[in-house]
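Source file: input33.tsv; contents: TSV, C-alpha atoms.
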```
chain	number	residue	atom	x	y	z
J	1	MET	CA	96.54	-222.44	-69.56
J	2	GLU	CA	100.29	-222.32	-69.28
J	3	GLN	CA	101.90	-218.95	-68.87
J	4	ALA	CA	105.44	-218.12	-67.82
J	5	ILE	CA	105.49	-216.23	-64.54
J	6	LEU	CA	108.45	-214.19	-65.76
J	7	ARG	CA	106.90	-213.60	-69.21
J	8	LYS	CA	107.34	-209.83	-69.01
J	9	ASN	CA	111.02	-210.16	-68.18
J	10	ALA	CA	111.49	-212.68	-70.99
J	11	ASP	CA	109.78	-210.34	-73.50
J	12	LEU	CA	111.82	-207.32	-72.37
J	13	ALA	CA	115.04	-209.36	-72.45
J	14	GLN	CA	114.30	-210.49	-75.99
J	15	ALA	CA	113.65	-206.88	-77.06
J	16	LEU	CA	116.99	-205.89	-75.52
J	17	ARG	CA	118.73	-208.78	-77.28
J	18	ASP	CA	117.31	-207.61	-80.60
J	19	ARG	CA	118.51	-204.05	-79.94
J	20	PHE	CA	121.98	-205.27	-78.97
J	21	ALA	CA	122.14	-207.36	-82.15
J	22	ARG	CA	121.16	-204.38	-84.31
J	23	SER	CA	123.79	-202.13	-82.73
J	24	GLU	CA	126.36	-204.97	-82.76
J	25	THR	CA	126.94	-204.60	-79.03
J	26	TYR	CA	128.25	-207.73	-77.32
J	27	VAL	CA	126.71	-208.03	-73.86
J	28	ILE	CA	128.01	-210.05	-70.93
J	29	ASN	CA	126.20	-210.65	-67.62
J	30	LEU	CA	128.40	-211.41	-64.59
J	31	LEU	CA	126.96	-213.41	-61.71
J	32	SER	CA	128.62	-214.44	-58.47
J	33	SER	CA	128.24	-214.38	-54.72
J	34	PRO	CA	129.31	-211.12	-53.05
J	35	GLY	CA	133.08	-210.66	-53.02
J	36	ALA	CA	134.04	-213.17	-55.70
J	37	GLY	CA	135.83	-210.49	-57.70
J	38	LYS	CA	133.38	-209.32	-60.38
J	39	THR	CA	134.33	-205.66	-60.07
J	40	THR	CA	138.07	-206.27	-60.00
J	41	LEU	CA	137.87	-208.49	-63.09
J	42	LEU	CA	135.76	-205.87	-64.86
J	43	GLU	CA	138.12	-203.04	-63.90
J	44	GLU	CA	141.00	-204.87	-65.55
J	45	THR	CA	138.88	-205.90	-68.52
J	46	LEU	CA	137.53	-202.41	-69.21
J	47	ARG	CA	141.01	-200.92	-68.87
J	48	ARG	CA	142.46	-203.46	-71.29
J	49	PHE	CA	139.65	-203.28	-73.84
J	50	ALA	CA	139.19	-199.50	-73.72
J	51	THR	CA	142.17	-199.01	-76.04
J	52	GLU	CA	140.74	-201.09	-78.88
J	53	TYR	CA	137.02	-201.22	-78.25
J	54	ARG	CA	134.22	-198.95	-77.19
J	55	VAL	CA	133.25	-200.43	-73.84
J	56	GLY	CA	130.72	-199.61	-71.13
J	57	ALA	CA	129.28	-201.13	-68.00
J	58	LEU	CA	126.16	-201.30	-65.89
J	59	VAL	CA	126.57	-202.37	-62.31
J	60	GLY	CA	123.84	-203.51	-59.94
J	61	ASP	CA	124.00	-203.27	-56.18
J	62	GLN	CA	121.33	-202.91	-53.55
J	63	ALA	CA	123.11	-199.80	-52.30
J	64	THR	CA	126.13	-197.50	-52.87
J	65	GLU	CA	127.80	-196.30	-56.06
J	66	ASN	CA	131.19	-197.67	-55.02
J	67	ASP	CA	131.47	-200.19	-57.84
J	68	ALA	CA	130.48	-197.66	-60.52
J	69	VAL	CA	133.12	-195.25	-59.19
J	70	ARG	CA	135.75	-197.99	-59.39
J	71	LEU	CA	134.77	-199.02	-62.92
J	72	ALA	CA	134.54	-195.43	-64.18
J	73	ARG	CA	138.27	-194.99	-63.53
J	74	SER	CA	138.79	-196.93	-66.76
J	75	GLY	CA	137.30	-193.96	-68.62
J	76	ALA	CA	134.42	-196.07	-69.93
J	77	PRO	CA	130.81	-194.94	-69.53
J	78	VAL	CA	129.46	-196.66	-66.42
J	79	LYS	CA	126.12	-196.50	-64.70
J	80	GLN	CA	125.16	-197.80	-61.28
J	81	ILE	CA	121.77	-199.42	-60.88
J	82	ALA	CA	120.64	-199.22	-57.26
J	83	THR	CA	118.21	-202.11	-56.92
J	84	GLY	CA	117.03	-201.23	-53.41
J	85	ALA	CA	115.06	-204.15	-52.02
J	86	GLU	CA	115.61	-206.30	-55.10
J	87	CYS	CA	118.32	-208.92	-54.91
J	88	ARG	CA	118.94	-209.08	-58.68
J	89	LEU	CA	118.85	-207.08	-61.89
J	90	ASP	CA	116.02	-207.63	-64.33
J	91	ALA	CA	115.54	-206.67	-67.97
J	92	GLU	CA	113.41	-203.65	-67.08
J	93	MET	CA	116.16	-202.19	-64.86
J	94	VAL	CA	118.71	-202.72	-67.63
J	95	GLY	CA	116.41	-201.10	-70.20
J	96	SER	CA	115.85	-198.04	-67.99
J	97	ALA	CA	119.55	-197.70	-67.18
J	98	LEU	CA	120.44	-197.78	-70.87
J	99	GLU	CA	118.21	-194.79	-71.53
J	100	GLY	CA	120.71	-192.61	-69.73
J	101	LEU	CA	123.76	-194.15	-71.38
J	102	ASP	CA	125.10	-193.54	-74.86
J	103	TRP	CA	125.44	-197.26	-75.49
J	104	GLY	CA	124.45	-197.61	-79.14
J	105	ASP	CA	128.06	-197.32	-80.32
J	106	LEU	CA	129.45	-199.74	-77.77
J	107	ASP	CA	131.22	-202.92	-78.89
J	108	LEU	CA	131.07	-204.41	-75.41
J	109	LEU	CA	128.59	-203.81	-72.62
J	110	ALA	CA	129.36	-205.54	-69.33
J	111	ILE	CA	126.55	-205.95	-66.83
J	112	GLU	CA	127.68	-206.70	-63.30
J	113	ASN	CA	124.76	-208.28	-61.47
J	114	VAL	CA	123.97	-207.98	-57.77
J	115	GLY	CA	126.22	-210.30	-55.75
J	116	ASN	CA	123.94	-213.29	-55.29
J	117	LEU	CA	123.96	-216.75	-56.85
J	118	ILE	CA	120.27	-217.54	-56.52
J	119	CYS	CA	117.95	-214.80	-57.74
J	120	PRO	CA	119.91	-213.35	-60.71
J	121	ALA	CA	120.07	-216.81	-62.31
J	122	GLU	CA	116.35	-216.66	-63.06
J	123	TYR	CA	116.41	-213.34	-64.95
J	124	ASP	CA	117.48	-213.04	-68.57
J	125	LEU	CA	118.96	-209.59	-69.27
J	126	GLY	CA	119.30	-210.03	-73.02
J	127	GLU	CA	122.97	-210.92	-72.67
J	128	GLU	CA	124.99	-212.92	-75.17
J	129	LEU	CA	127.32	-214.46	-72.60
J	130	ARG	CA	126.43	-215.36	-69.03
J	131	ILE	CA	129.45	-215.67	-66.81
J	132	VAL	CA	129.37	-217.21	-63.35
J	133	LEU	CA	132.41	-216.44	-61.21
J	134	PHE	CA	133.51	-218.17	-58.08
J	135	SER	CA	136.61	-217.52	-56.07
J	136	THR	CA	138.98	-219.97	-54.46
J	137	PRO	CA	138.29	-218.80	-50.85
J	138	GLU	CA	134.63	-219.78	-51.33
J	139	GLY	CA	135.42	-223.49	-51.51
J	140	GLU	CA	135.21	-226.15	-54.21
J	141	ASP	CA	131.54	-226.97	-53.70
J	142	LYS	CA	129.93	-223.69	-54.84
J	143	PRO	CA	128.53	-225.35	-58.00
J	144	LEU	CA	126.87	-228.07	-55.92
J	145	LYS	CA	125.26	-225.49	-53.64
J	146	TYR	CA	123.98	-223.23	-56.43
J	147	PRO	CA	123.40	-225.55	-59.40
J	148	LEU	CA	120.85	-223.31	-61.14
J	149	ALA	CA	123.33	-220.47	-61.66
J	150	PHE	CA	125.95	-222.89	-62.97
J	151	THR	CA	123.57	-224.73	-65.31
J	152	THR	CA	122.63	-221.42	-66.94
J	153	ALA	CA	126.27	-220.27	-67.33
J	154	ASP	CA	128.03	-220.10	-70.69
J	155	LEU	CA	131.36	-219.60	-68.98
J	156	VAL	CA	132.57	-220.25	-65.44
J	157	ILE	CA	135.49	-218.17	-64.21
J	158	LEU	CA	137.46	-219.39	-61.25
J	159	THR	CA	138.89	-216.24	-59.64
J	160	LYS	CA	141.62	-215.48	-57.09
J	161	ILE	CA	143.72	-218.48	-58.06
J	162	ASP	CA	146.68	-216.65	-56.47
J	163	LEU	CA	145.10	-217.52	-53.10
J	164	ILE	CA	145.11	-221.29	-53.67
J	165	GLY	CA	148.18	-221.73	-51.48
J	166	ALA	CA	146.58	-219.87	-48.59
J	167	THR	CA	143.14	-221.49	-48.81
J	168	GLY	CA	144.05	-225.09	-49.67
J	169	PHE	CA	141.55	-224.93	-52.50
J	170	ASP	CA	141.50	-228.08	-54.62
J	171	ARG	CA	141.08	-226.96	-58.23
J	172	ARG	CA	140.57	-230.49	-59.57
J	173	THR	CA	137.63	-231.07	-57.26
J	174	ALA	CA	136.28	-227.64	-58.16
J	175	ARG	CA	136.47	-228.44	-61.86
J	176	GLU	CA	134.82	-231.82	-61.29
J	177	ASN	CA	132.00	-230.08	-59.43
J	178	ILE	CA	131.54	-227.58	-62.25
J	179	GLN	CA	131.39	-230.36	-64.85
J	180	CYS	CA	129.08	-232.35	-62.60
J	181	VAL	CA	126.51	-229.55	-62.66
J	182	HIS	CA	127.09	-228.38	-66.23
J	183	PRO	CA	129.04	-230.86	-68.38
J	184	GLY	CA	130.95	-229.18	-71.19
J	185	VAL	CA	130.70	-225.62	-69.88
J	186	ASP	CA	133.68	-223.36	-70.58
J	187	VAL	CA	136.03	-222.73	-67.64
J	188	ILE	CA	138.79	-220.16	-67.19
J	189	GLU	CA	141.03	-219.82	-64.14
J	190	LEU	CA	142.58	-216.46	-63.37
J	191	SER	CA	143.78	-213.93	-60.87
J	192	ALA	CA	142.96	-210.33	-61.75
J	193	ARG	CA	145.47	-209.21	-59.14
J	194	THR	CA	148.54	-211.10	-60.39
J	195	GLY	CA	147.45	-211.27	-64.02
J	196	ASP	CA	147.59	-215.08	-64.16
J	197	GLY	CA	145.13	-216.39	-66.73
J	198	MET	CA	144.05	-212.88	-67.76
J	199	GLU	CA	145.45	-213.20	-71.28
J	200	GLN	CA	143.36	-216.31	-71.86
J	201	TRP	CA	140.26	-214.43	-70.68
J	202	PHE	CA	141.02	-211.40	-72.87
J	203	GLU	CA	141.55	-213.61	-75.91
J	204	TYR	CA	138.39	-215.57	-75.20
J	205	LEU	CA	136.36	-212.38	-74.91
J	206	GLN	CA	137.95	-210.86	-78.03
J	207	CYS	CA	137.02	-213.95	-80.04
J	208	ARG	CA	133.49	-213.94	-78.68
J	209	ILE	CA	133.03	-210.26	-79.55
J	210	ALA	CA	134.27	-211.11	-83.06
J	211	GLY	CA	131.61	-213.80	-83.25
J	212	GLU	CA	133.94	-216.79	-83.04
J	213	ARG	CA	132.70	-219.82	-81.12
J	214	VAL	CA	135.80	-220.35	-79.04
J	215	HIS	CA	135.84	-222.60	-76.00
J	216	ALA	CA	137.97	-222.76	-72.88
J	217	TYR	CA	138.62	-225.78	-70.71
D	1	MET	CA	114.99	-214.83	-51.52
D	2	HIS	CA	113.15	-213.22	-54.40
D	3	GLU	CA	109.80	-214.90	-53.88
D	4	ALA	CA	108.26	-211.49	-53.11
D	5	SER	CA	109.13	-210.18	-56.58
D	6	VAL	CA	108.06	-213.47	-58.16
D	7	ALA	CA	104.72	-213.14	-56.35
D	8	ARG	CA	104.36	-209.59	-57.69
D	9	ALA	CA	105.11	-210.87	-61.21
D	10	ILE	CA	102.32	-213.45	-60.83
D	11	VAL	CA	99.88	-210.77	-59.62
D	12	ASP	CA	100.86	-208.52	-62.57
D	13	GLU	CA	100.16	-211.33	-65.03
D	14	ILE	CA	96.81	-212.04	-63.39
D	15	VAL	CA	95.81	-208.36	-63.39
D	16	ASP	CA	96.74	-208.07	-67.10
D	17	ARG	CA	94.71	-211.12	-67.96
D	18	ALA	CA	91.82	-209.95	-65.80
D	19	SER	CA	91.47	-206.67	-67.65
D	20	ASP	CA	91.62	-208.49	-71.01
D	21	GLU	CA	89.00	-211.02	-70.03
D	22	LEU	CA	86.73	-209.07	-67.66
D	23	ILE	CA	87.67	-211.21	-64.69
D	24	GLU	CA	86.26	-209.81	-61.46
D	25	ARG	CA	87.78	-211.97	-58.76
D	26	VAL	CA	90.40	-214.68	-58.60
D	27	PHE	CA	89.87	-217.40	-56.00
D	28	ARG	CA	92.56	-219.87	-56.79
D	29	VAL	CA	95.88	-219.70	-58.62
D	30	ARG	CA	97.64	-222.83	-59.79
D	31	LEU	CA	101.36	-222.86	-60.41
D	32	LYS	CA	104.02	-225.28	-61.54
D	33	ILE	CA	107.39	-224.64	-59.91
D	34	GLY	CA	110.40	-226.67	-61.02
D	35	ALA	CA	112.86	-228.07	-58.50
D	36	LEU	CA	115.77	-226.45	-60.37
D	37	THR	CA	114.60	-222.87	-59.84
D	38	GLY	CA	115.42	-220.37	-57.13
D	39	VAL	CA	111.80	-220.30	-55.98
D	40	PHE	CA	110.72	-222.14	-52.85
D	41	PRO	CA	107.00	-222.94	-52.70
D	42	ASP	CA	106.78	-222.40	-48.94
D	43	ALA	CA	108.37	-218.97	-49.24
D	44	LEU	CA	106.04	-218.06	-52.11
D	45	THR	CA	103.00	-219.12	-50.10
D	46	PHE	CA	104.34	-217.10	-47.17
D	47	VAL	CA	104.40	-213.85	-49.16
D	48	TRP	CA	101.24	-214.51	-51.19
D	49	ASP	CA	98.76	-212.72	-48.89
D	50	ALA	CA	100.90	-209.59	-48.80
D	51	ALA	CA	101.46	-209.63	-52.56
D	52	THR	CA	97.76	-209.96	-53.38
D	53	GLU	CA	96.45	-207.50	-50.78
D	54	GLY	CA	94.23	-204.89	-52.40
D	55	THR	CA	94.16	-206.75	-55.75
D	56	LEU	CA	91.47	-208.89	-57.35
D	57	ALA	CA	93.37	-211.94	-56.13
D	58	GLU	CA	93.20	-210.92	-52.46
D	59	GLY	CA	92.35	-213.90	-50.29
D	60	SER	CA	93.01	-216.35	-53.13
D	61	ILE	CA	94.47	-219.78	-52.56
D	62	LEU	CA	97.84	-220.60	-54.07
D	63	GLU	CA	98.14	-224.17	-55.27
D	64	ILE	CA	101.66	-225.18	-56.20
D	65	GLU	CA	102.62	-228.30	-58.07
D	66	ARG	CA	106.29	-229.05	-57.55
D	67	ILE	CA	107.96	-230.39	-60.70
D	68	PRO	CA	110.90	-232.66	-60.00
D	69	LEU	CA	114.14	-232.38	-61.92
D	70	GLU	CA	114.29	-234.69	-64.90
D	71	ILE	CA	117.37	-235.02	-67.08
D	72	PHE	CA	118.19	-236.87	-70.27
D	73	CYS	CA	121.06	-239.26	-69.65
D	74	LYS	CA	123.21	-239.77	-72.75
D	75	ARG	CA	124.79	-242.95	-71.40
D	76	CYS	CA	121.48	-244.61	-70.49
D	77	VAL	CA	119.83	-243.01	-73.55
D	78	ARG	CA	116.72	-242.17	-71.57
D	79	SER	CA	115.15	-239.55	-69.34
D	80	ARG	CA	115.65	-239.97	-65.63
D	81	GLN	CA	113.97	-238.30	-62.71
D	82	VAL	CA	116.43	-237.07	-60.13
D	83	GLU	CA	115.65	-237.74	-56.49
D	84	GLN	CA	114.79	-234.67	-54.45
D	85	THR	CA	117.90	-233.35	-52.87
D	86	HIS	CA	118.33	-229.71	-51.94
D	87	PRO	CA	119.29	-228.44	-54.37
D	88	PRO	CA	118.84	-231.20	-56.95
D	89	LEU	CA	121.82	-231.90	-59.18
D	90	PRO	CA	121.57	-232.90	-62.85
D	91	ILE	CA	123.20	-236.29	-62.34
D	92	CYS	CA	121.79	-239.61	-63.56
D	93	PRO	CA	120.54	-241.54	-60.50
D	94	VAL	CA	121.28	-244.85	-62.25
D	95	CYS	CA	124.70	-244.51	-63.87
D	96	GLY	CA	125.97	-241.35	-62.15
D	97	ASP	CA	126.72	-239.47	-65.37
D	98	PRO	CA	126.23	-235.71	-65.19
D	99	SER	CA	123.85	-234.33	-67.80
D	100	ALA	CA	123.58	-230.97	-69.53
D	101	GLU	CA	120.09	-231.76	-70.85
D	102	ILE	CA	117.39	-230.61	-68.48
D	103	VAL	CA	114.03	-232.14	-69.49
D	104	ARG	CA	111.90	-230.75	-66.66
D	105	GLY	CA	112.52	-228.83	-63.47
D	106	ARG	CA	112.97	-225.25	-64.74
D	107	GLU	CA	109.24	-224.44	-64.78
D	108	LEU	CA	107.92	-221.18	-63.38
D	109	LEU	CA	104.38	-221.32	-64.75
D	110	ILE	CA	100.87	-220.16	-64.04
D	111	THR	CA	98.76	-223.15	-65.07
D	112	GLY	CA	95.27	-222.24	-63.95
D	113	LEU	CA	92.96	-219.70	-62.36
D	114	GLU	CA	89.58	-220.04	-60.74
D	115	VAL	CA	87.70	-216.83	-61.31
D	116	THR	CA	84.38	-215.06	-61.56
D	117	TYR	CA	83.70	-212.78	-64.48
D	118	ALA	CA	82.44	-209.24	-64.27
D	119	ALA	CA	79.21	-210.28	-65.98
D	120	GLY	CA	78.51	-212.35	-62.88
D	121	THR	CA	78.96	-215.76	-64.47
D	122	ALA	CA	80.59	-217.95	-61.84
D	123	ARG	CA	82.78	-220.65	-63.31
D	124	SER	CA	84.04	-222.23	-60.18
D	125	GLY	CA	85.95	-225.41	-60.77
D	126	ALA	CA	87.20	-224.26	-64.14
D	127	SER	CA	90.93	-224.62	-63.98
D	128	ASP	CA	91.35	-222.44	-66.99
D	129	SER	CA	89.76	-219.12	-67.66
D	130	SER	CA	90.97	-218.56	-71.15
D	131	GLU	CA	91.58	-221.77	-73.00
D	132	GLU	CA	88.10	-221.93	-74.46
D	133	ARG	CA	88.55	-218.41	-75.78
D	134	GLY	CA	91.87	-219.22	-77.36
D	135	PRO	CA	95.19	-218.25	-75.87
D	136	ARG	CA	96.28	-214.68	-76.37
D	137	ALA	CA	99.65	-213.66	-77.63
D	138	GLY	CA	102.45	-214.28	-75.17
D	139	ILE	CA	100.90	-217.24	-73.45
D	140	ALA	CA	103.10	-220.27	-73.59
```

Output the structure of this file as structure tokens.
Amino acid sequence: MEQAILRKNADLAQALRDRFARSETYVINLLSSPGAGKTTLLEETLRRFATEYRVGALVGDQATENDAVRLARSGAPVKQIATGAECRLDAEMVGSALEGLDWGDLDLLAIENVGNLICPAEYDLGEELRIVLFSTPEGEDKPLKYPLAFTTADLVILTKIDLIGATGFDRRTARENIQCVHPGVDVIELSARTGDGMEQWFEYLQCRIAGERVHAY
Amino acid sequence: MHEASVARAIVDEIVDRASDELIERVFRVRLKIGALTGVFPDALTFVWDAATEGTLAEGSILEIERIPLEIFCKRCVRSRQVEQTHPPLPICPVCGDPSAEIVRGRELLITGLEVTYAAGTARSGASDSSEERGPRAGIA
């Protein structure tokens, strides 16, 4: 006997992935510790993409609708998933949330996970691109402390690079640590506040939505 | 710490299997937990009694085999077991090269149950309740 403990989640995630493929909806799953800048990055991304694409977002938090309110300002359909005691989203929560959202026509669906670098890493949500963010005030060693999240990432985004001067963050060490945990993974550095690096991120995402296998280093 | 929801997922799987196979009670549950997962065996054991309370696995013993992280090192051209650090990093312990190829260490598996069947046939000691009947769909 050998049965996956998270079999149900894996089955549901695969069903979601099939649905997303049929509707040609590109799905991204954003993971980070609390406060790394997921919502700010998404706000800017939804605003930018809303002119050319049909975009929407699901956002998971244990409590409050604050993030959904922020993201909805972009005009995109947004739904908050209140996870209560759970410290992560799972495929069932995503499936239920989609029932109340007119998502079938979306080109891009962004799922903002609960701020946590441990639990969400274990749960497939049917996404095409898993993004792990970490911000410069958190320190260079985040990848070494939470290797599972980083080994499952397709893209690592280093956020708040405008704060490097204030925090003394060493980006070379940070990049070495990322490559140490996941050699070859894509990396983008940006600041959603100043706009630095945002064009590279937008282009990367545009290419991915178009089905091109671009990479970022 | 999501061991509580992982424990519930295990109980759900057991309850599903039990209704398929007429299992009456579960006495022992064997798991394999990889070192590169977010699940800590001690924490899982800690929540097990609460998660199984009122189910057919109430009072059961949880037996966890910890699977160390093993990577394939491209430079050494062989698989290497990584020493247990917390958390373990996918780095070759011999040459120091980081590796993107995880061989073992991501397991979250139920590997065996000790059960009695509703018909009253005790099969204590059997580590597997279903293999002889053929695995059902969805079992890895």

For this session: Restrict the distance test to only C-alpha atoms, flag each residue of chain J within 6 Å of chain D, and return the flagged residues as a ChimeraX atom specification.
Result: /J:1-5,118,180-183

Problem set entry | Pick from D:Val103, D:Cys92, D:Leu44, D:Ala51, whichever lies nearest to Ile67 (chain D) using all atoms listed in the file |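 Going through D:Val103, D:Cys92, D:Leu44, D:Ala51 one by one, the smallest distance to Ile67 (chain D) is for D:Val103.
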
Exercise. When you draw a straight line from CA of Ile161 (chain J) to CA of Thr136 (chain J), how long is it in Å?
Worked result: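 For CA of Ile161 (chain J) relative to CA of Thr136 (chain J), the distance reads 6.1 Å.
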
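One finds CA of Glu122 (chain J) at 22.5 Å from CA of Lys79 (chain J).
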
Exercise. Between J:Leu58, J:Leu144, J:Ala91, J:Leu117, which one has atoms that come closest to Glu176 (chain J), using all atoms listed in the file?
Worked result: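 Looking at the shortest contact to Glu176 (chain J), the residue is J:Leu144.
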
Exercise. In terms of the shortest atom-to-atom distance over only C-alpha atoms, which of J:Leu30, J:Asp105, J:Leu46, J:Gly95 is closest to Ala76 (chain J)?
Worked result: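 Comparing J:Leu30, J:Asp105, J:Leu46, J:Gly95 against Ala76 (chain J), the winner is J:Leu46.
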
Exercise. How many Å separate CA of Arg48 (chain J) from CA of Phe202 (chain J)?
Worked result: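 Separating CA of Arg48 (chain J) from CA of Phe202 (chain J) is a distance of 8.2 Å.
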
Problem set entry | Selected residue of minimal separation from Ile71 (chain D) among D:Val115, D:Glu83, D:Pro41, D:Arg25, counting all atoms listed in the file | D:Glu83

Exercise. In file coordinates, which residues lie within 9 Å of (120.7, -202.2, -52.7) using only C-alpha atoms, given as a list of chain:residue names?
Worked result: J:Gly60, J:Asp61, J:Gln62, J:Ala63, J:Thr64, J:Ile81, J:Ala82, J:Thr83, J:Gly84, J:Ala85, J:Glu86, J:Cys87, J:Val114

Please check which residues have atoms at most 9 Å from (124.6, -205.9, -80.1) in the file's coordinates, counting all atoms listed in the file, and write them as an mmCIF file with C-alpha atoms, keeping the file's coordinate frame.
```
data_model
loop_
_atom_site.group_PDB
_atom_site.id
_atom_site.type_symbol
_atom_site.label_atom_id
_atom_site.label_comp_id
_atom_site.auth_asym_id
_atom_site.auth_seq_id
_atom_site.Cartn_x
_atom_site.Cartn_y
_atom_site.Cartn_z
ATOM 1 C CA LEU J 16 116.990 -205.890 -75.520
ATOM 2 C CA ARG J 17 118.730 -208.780 -77.280
ATOM 3 C CA ASP J 18 117.310 -207.610 -80.600
ATOM 4 C CA ARG J 19 118.510 -204.050 -79.940
ATOM 5 C CA PHE J 20 121.980 -205.270 -78.970
ATOM 6 C CA ALA J 21 122.140 -207.360 -82.150
ATOM 7 C CA ARG J 22 121.160 -204.380 -84.310
ATOM 8 C CA SER J 23 123.790 -202.130 -82.730
ATOM 9 C CA GLU J 24 126.360 -204.970 -82.760
ATOM 10 C CA THR J 25 126.940 -204.600 -79.030
ATOM 11 C CA TYR J 26 128.250 -207.730 -77.320
ATOM 12 C CA VAL J 27 126.710 -208.030 -73.860
ATOM 13 C CA GLY J 104 124.450 -197.610 -79.140
ATOM 14 C CA LEU J 106 129.450 -199.740 -77.770
ATOM 15 C CA ASP J 107 131.220 -202.920 -78.890
ATOM 16 C CA LEU J 108 131.070 -204.410 -75.410
ATOM 17 C CA LEU J 109 128.590 -203.810 -72.620
ATOM 18 C CA GLU J 128 124.990 -212.920 -75.170
#
```

Using the incomplete input, complete region 61-73 of chain D to the level of N, CA and C atoms; output as a compact mmCIF listing (two decimals), keeping the file's coordinate frame.
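Writing done, so here's out-v7.txt:
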```
# COMPACT_ATOMS: atom_id res chain seq x y z
N ILE D 61 93.66 -218.63 -53.01
CA ILE D 61 94.47 -219.78 -52.56
C ILE D 61 95.52 -220.08 -53.62
N LEU D 62 96.74 -220.27 -53.16
CA LEU D 62 97.84 -220.60 -54.07
C LEU D 62 98.05 -222.10 -54.02
N GLU D 63 97.98 -222.72 -55.20
CA GLU D 63 98.14 -224.17 -55.27
C GLU D 63 99.37 -224.45 -56.11
N ILE D 64 100.39 -225.02 -55.50
CA ILE D 64 101.66 -225.18 -56.20
C ILE D 64 101.98 -226.64 -56.46
N GLU D 65 102.16 -226.95 -57.72
CA GLU D 65 102.62 -228.30 -58.07
C GLU D 65 104.13 -228.23 -58.26
N ARG D 66 104.83 -229.02 -57.48
CA ARG D 66 106.29 -229.05 -57.55
C ARG D 66 106.69 -230.00 -58.66
N ILE D 67 107.50 -229.53 -59.60
CA ILE D 67 107.96 -230.39 -60.70
C ILE D 67 109.38 -230.86 -60.40
N PRO D 68 109.56 -232.16 -60.31
CA PRO D 68 110.90 -232.66 -60.00
C PRO D 68 111.86 -232.46 -61.17
N LEU D 69 113.13 -232.51 -60.86
CA LEU D 69 114.14 -232.38 -61.92
C LEU D 69 114.21 -233.68 -62.71
N GLU D 70 114.14 -233.53 -64.02
CA GLU D 70 114.29 -234.69 -64.90
C GLU D 70 115.35 -234.35 -65.94
N ILE D 71 116.29 -235.26 -66.13
CA ILE D 71 117.37 -235.02 -67.08
C ILE D 71 117.36 -236.11 -68.15
N PHE D 72 117.99 -235.81 -69.28
CA PHE D 72 118.19 -236.87 -70.27
C PHE D 72 119.61 -237.38 -70.11
N CYS D 73 119.74 -238.66 -69.83
CA CYS D 73 121.06 -239.26 -69.65
C CYS D 73 121.54 -239.84 -70.98
```
